[in-house]
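Worksheet: the structure to be examined is printed underneath.
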Amino acid sequence: MFNNIPPITRNIIIINVIVFIVTYFMGNQIIGYLAGFYPFSPFFHSWQVITHMFMHGSIMHILFNMMTLFSFGPILEQTLGDKKYLILYFASGLGAFFLFNLWNFVEVQQLSRELEQLGFNVNAYLSGASVEFAGNTTSILKQKELLESLKGIVATPMVGASGAIFGVVAAFATLYPDSKIGIMFIPVPIKVKYLLPIIVVISIYLGLSGNGGGIAHLAHVGGALVGWLLARIWKKHLYRFN
């Protein structure tokens with residue numbers, strides 16, 4: 001059965017599984033090197049905008065992502081062709097990284113302003129300098145609180161293929177809007193053109209509200225947006241590569 005999967009989807013799954021196994025044995029060392037850190041973090045490296053798409057935090061994380069890719073990827077690969085499918089996948093992953101970190105940038109700017117008003121040198125901290133607090137006890141406590149929030153953005157990496165896969169799903173929903181799929185907790189199949197907007201709206205709410213539970217919901221939105229845009233463009237000329 002696995003040999004019947006189109007080559008690009010198959011190879012993406014294989015690479016993700018290999019990287020997951022290697023990460024399992026090498027642990028934090030490879031996570032810190034390949035996961036996607038905030039671009040203005042001292043832990044960021046340029047290649048992470050790509051490598052983070054092949055990292056996963058748990059067995060359930062990679063299973064869910066690869067099963068979703070297995071469900072939607074082959075149809076799109078055959079419909080779009082190799083080149084456009086690759087563009088779709090990686091452009092969606094990059095879109096996910098961009099939107100997620102755009103919101104991170106907004107939050108970092110807000111936290112930085114509050115910290116600087118209290119006398120904390122944010123630029124020095126982001127450059128890797130040791131932490132130095134100034135002011136009275138109340139001010140120092142507030143600085144520590146704000147710094148913890150800042151650390152949560154700067155020092156917590158983004159991992160997973162979800163953004164790229166959301167782009168694949170969004171493209172599928174755009175090209176085959178009346179296709180029905182079954183999901184947990186919904187007793188009847190639902191058309192993807194109805195399901196996708198619901199998922200995107202929920203993701204936006206969770207991403208902006210801070211109730212994401214450690215999930216990069218805005219990355220999902222970024223990936224879905226790119227996938228939708230590309231599919232809208234290509235749909236006009238679909239007959240050319242059918």
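The way I read the labels, and the way they are meant: chains A, B, ... in the order of the structure tokens, residue 1 as the first residue of every chain, and ligand 1 as the first ligand shown, with later ones counted on from there.
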
Per residue of segment 114-161 of chain A within 10 Å of segment 215-238 of chain A, what are the shortest atom pair and its distance in Å to one decimal, counting only C-alpha atoms, with rows by chain and residue number, as a Markdown table?
```
| residue | atom | partner | partner_atom | distance |
| --- | --- | --- | --- | --- |
| A:Met158 | CA | A:Ala216 | CA | 7.3 |
| A:Val159 | CA | A:Ala216 | CA | 8.8 |
| A:Gly160 | CA | A:Ala216 | CA | 9.4 |
| A:Ala161 | CA | A:His220 | CA | 9.5 |
```

> Which residues in segment 4-240 of chain A does DSSP call alpha helix (DSSP H)? List them as a VMD selection string.
Replying inline: chain A and resid 7 to 26 28 to 34 48 to 51 59 to 80 82 to 117 122 to 126 137 to 154 162 to 175 192 to 209 217 to 235

> Could you name the residues that touch Leu111 of chain A at 9 Å or less, counting only C-alpha atoms, but leaving out those on the same chain fewer than 5 positions away, as a ChimeraX atom specification?
Replying inline: /A:106,116,146-147,149-150

Residues within 12 Å of Ile18 of chain A, please, as a PDB file with N, CA and C atoms, in the first residue's frame. Count only C-alpha atoms; anything in the same chain fewer than 4 positions from it doesn't count.
```pdb
ATOM      1  N   ASN A  11       7.795  10.405   0.077  1.00  0.00           N
ATOM      2  CA  ASN A  11       9.114  10.826   0.569  1.00  0.00           C
ATOM      3  C   ASN A  11       9.008  11.823   1.714  1.00  0.00           C
ATOM      4  N   ILE A  12       8.004  12.698   1.668  1.00  0.00           N
ATOM      5  CA  ILE A  12       7.803  13.630   2.785  1.00  0.00           C
ATOM      6  C   ILE A  12       7.486  12.849   4.063  1.00  0.00           C
ATOM      7  N   ILE A  13       6.644  11.850   3.953  1.00  0.00           N
ATOM      8  CA  ILE A  13       6.309  11.020   5.120  1.00  0.00           C
ATOM      9  C   ILE A  13       7.556  10.303   5.629  1.00  0.00           C
ATOM     10  N   ILE A  14       8.343   9.729   4.722  1.00  0.00           N
ATOM     11  CA  ILE A  14       9.556   9.003   5.112  1.00  0.00           C
ATOM     12  C   ILE A  14      10.532   9.929   5.841  1.00  0.00           C
ATOM     13  N   VAL A  22      15.348  10.020  14.710  1.00  0.00           N
ATOM     14  CA  VAL A  22      16.647  10.593  15.069  1.00  0.00           C
ATOM     15  C   VAL A  22      16.499  11.545  16.251  1.00  0.00           C
ATOM     16  N   THR A  23      15.445  12.360  16.216  1.00  0.00           N
ATOM     17  CA  THR A  23      15.199  13.301  17.308  1.00  0.00           C
ATOM     18  C   THR A  23      14.944  12.569  18.618  1.00  0.00           C
ATOM     19  N   TYR A  24      14.251  11.459  18.543  1.00  0.00           N
ATOM     20  CA  TYR A  24      13.936  10.673  19.744  1.00  0.00           C
ATOM     21  C   TYR A  24      15.216  10.246  20.454  1.00  0.00           C
ATOM     22  N   PHE A  25      16.225   9.853  19.683  1.00  0.00           N
ATOM     23  CA  PHE A  25      17.462   9.360  20.277  1.00  0.00           C
ATOM     24  C   PHE A  25      18.445  10.482  20.615  1.00  0.00           C
ATOM     25  N   PHE A  54       9.802  19.362   9.615  1.00  0.00           N
ATOM     26  CA  PHE A  54      10.041  17.928   9.716  1.00  0.00           C
ATOM     27  C   PHE A  54      10.237  17.479  11.161  1.00  0.00           C
ATOM     28  N   MET A  55       9.993  18.381  12.101  1.00  0.00           N
ATOM     29  CA  MET A  55      10.134  18.070  13.524  1.00  0.00           C
ATOM     30  C   MET A  55       8.757  17.846  14.148  1.00  0.00           C
ATOM     31  N   HIS A  56       8.684  16.918  15.095  1.00  0.00           N
ATOM     32  CA  HIS A  56       7.421  16.676  15.799  1.00  0.00           C
ATOM     33  C   HIS A  56       7.686  16.406  17.275  1.00  0.00           C
ATOM     34  N   ILE A  62       3.039  13.375  15.213  1.00  0.00           N
ATOM     35  CA  ILE A  62       3.466  12.951  13.880  1.00  0.00           C
ATOM     36  C   ILE A  62       2.449  12.006  13.247  1.00  0.00           C
TER      37      ILE A  62
END
```

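Residue nearest His61 of chain A, chosen from A:Phe20, A:Phe120, A:Tyr194, A:Tyr89 and counting only C-alpha atoms: A:Phe20.
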
> Which residues, written as a ChimeraX atom specification, have at least one atom at most 12 Å from Ala129 of chain A, with only C-alpha atoms counted and residues fewer than 5 positions away on the same chain left out?
Replying inline: /A:42,120-124

>> If we count only C-alpha atoms and set the cut-off at 8 Å, which residues sit around Ile190 of chain A, ignoring sequence neighbours fewer than 3 positions away in its own chain? Please answer as an MDAnalysis selection string.
In response: chainID A and resid 180:182 194:195

Deliver the residues from the most recent selection as a file, using N, CA, C and O atoms, as a PDB file, in the first residue's frame.
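Listed below is the output, again23.pdb:
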```pdb
ATOM      1  N   LYS A 180     -16.856  15.054   0.801  1.00  0.00           N
ATOM      2  CA  LYS A 180     -17.276  14.866   2.186  1.00  0.00           C
ATOM      3  C   LYS A 180     -16.262  14.018   2.933  1.00  0.00           C
ATOM      4  O   LYS A 180     -15.723  13.049   2.397  1.00  0.00           O
ATOM      5  N   ILE A 181     -15.991  14.406   4.178  1.00  0.00           N
ATOM      6  CA  ILE A 181     -15.092  13.629   5.024  1.00  0.00           C
ATOM      7  C   ILE A 181     -15.749  13.418   6.377  1.00  0.00           C
ATOM      8  O   ILE A 181     -16.573  14.227   6.819  1.00  0.00           O
ATOM      9  N   GLY A 182     -15.370  12.342   7.026  1.00  0.00           N
ATOM     10  CA  GLY A 182     -15.868  12.065   8.360  1.00  0.00           C
ATOM     11  C   GLY A 182     -14.809  12.378   9.391  1.00  0.00           C
ATOM     12  O   GLY A 182     -13.634  12.071   9.192  1.00  0.00           O
ATOM     13  N   TYR A 194     -17.347  23.467   4.105  1.00  0.00           N
ATOM     14  CA  TYR A 194     -17.946  23.955   5.345  1.00  0.00           C
ATOM     15  C   TYR A 194     -17.022  23.720   6.536  1.00  0.00           C
ATOM     16  O   TYR A 194     -16.955  24.542   7.450  1.00  0.00           O
ATOM     17  N   LEU A 195     -16.321  22.593   6.513  1.00  0.00           N
ATOM     18  CA  LEU A 195     -15.487  22.228   7.654  1.00  0.00           C
ATOM     19  C   LEU A 195     -14.267  23.134   7.788  1.00  0.00           C
ATOM     20  O   LEU A 195     -13.930  23.575   8.892  1.00  0.00           O
TER      21      LEU A 195
END
```

> Which value, in Å to one decimal, gives the distance between atom CA of Phe105 of chain A and atom CA of Ile204 of chain A?
Replying inline: 16.4 Å
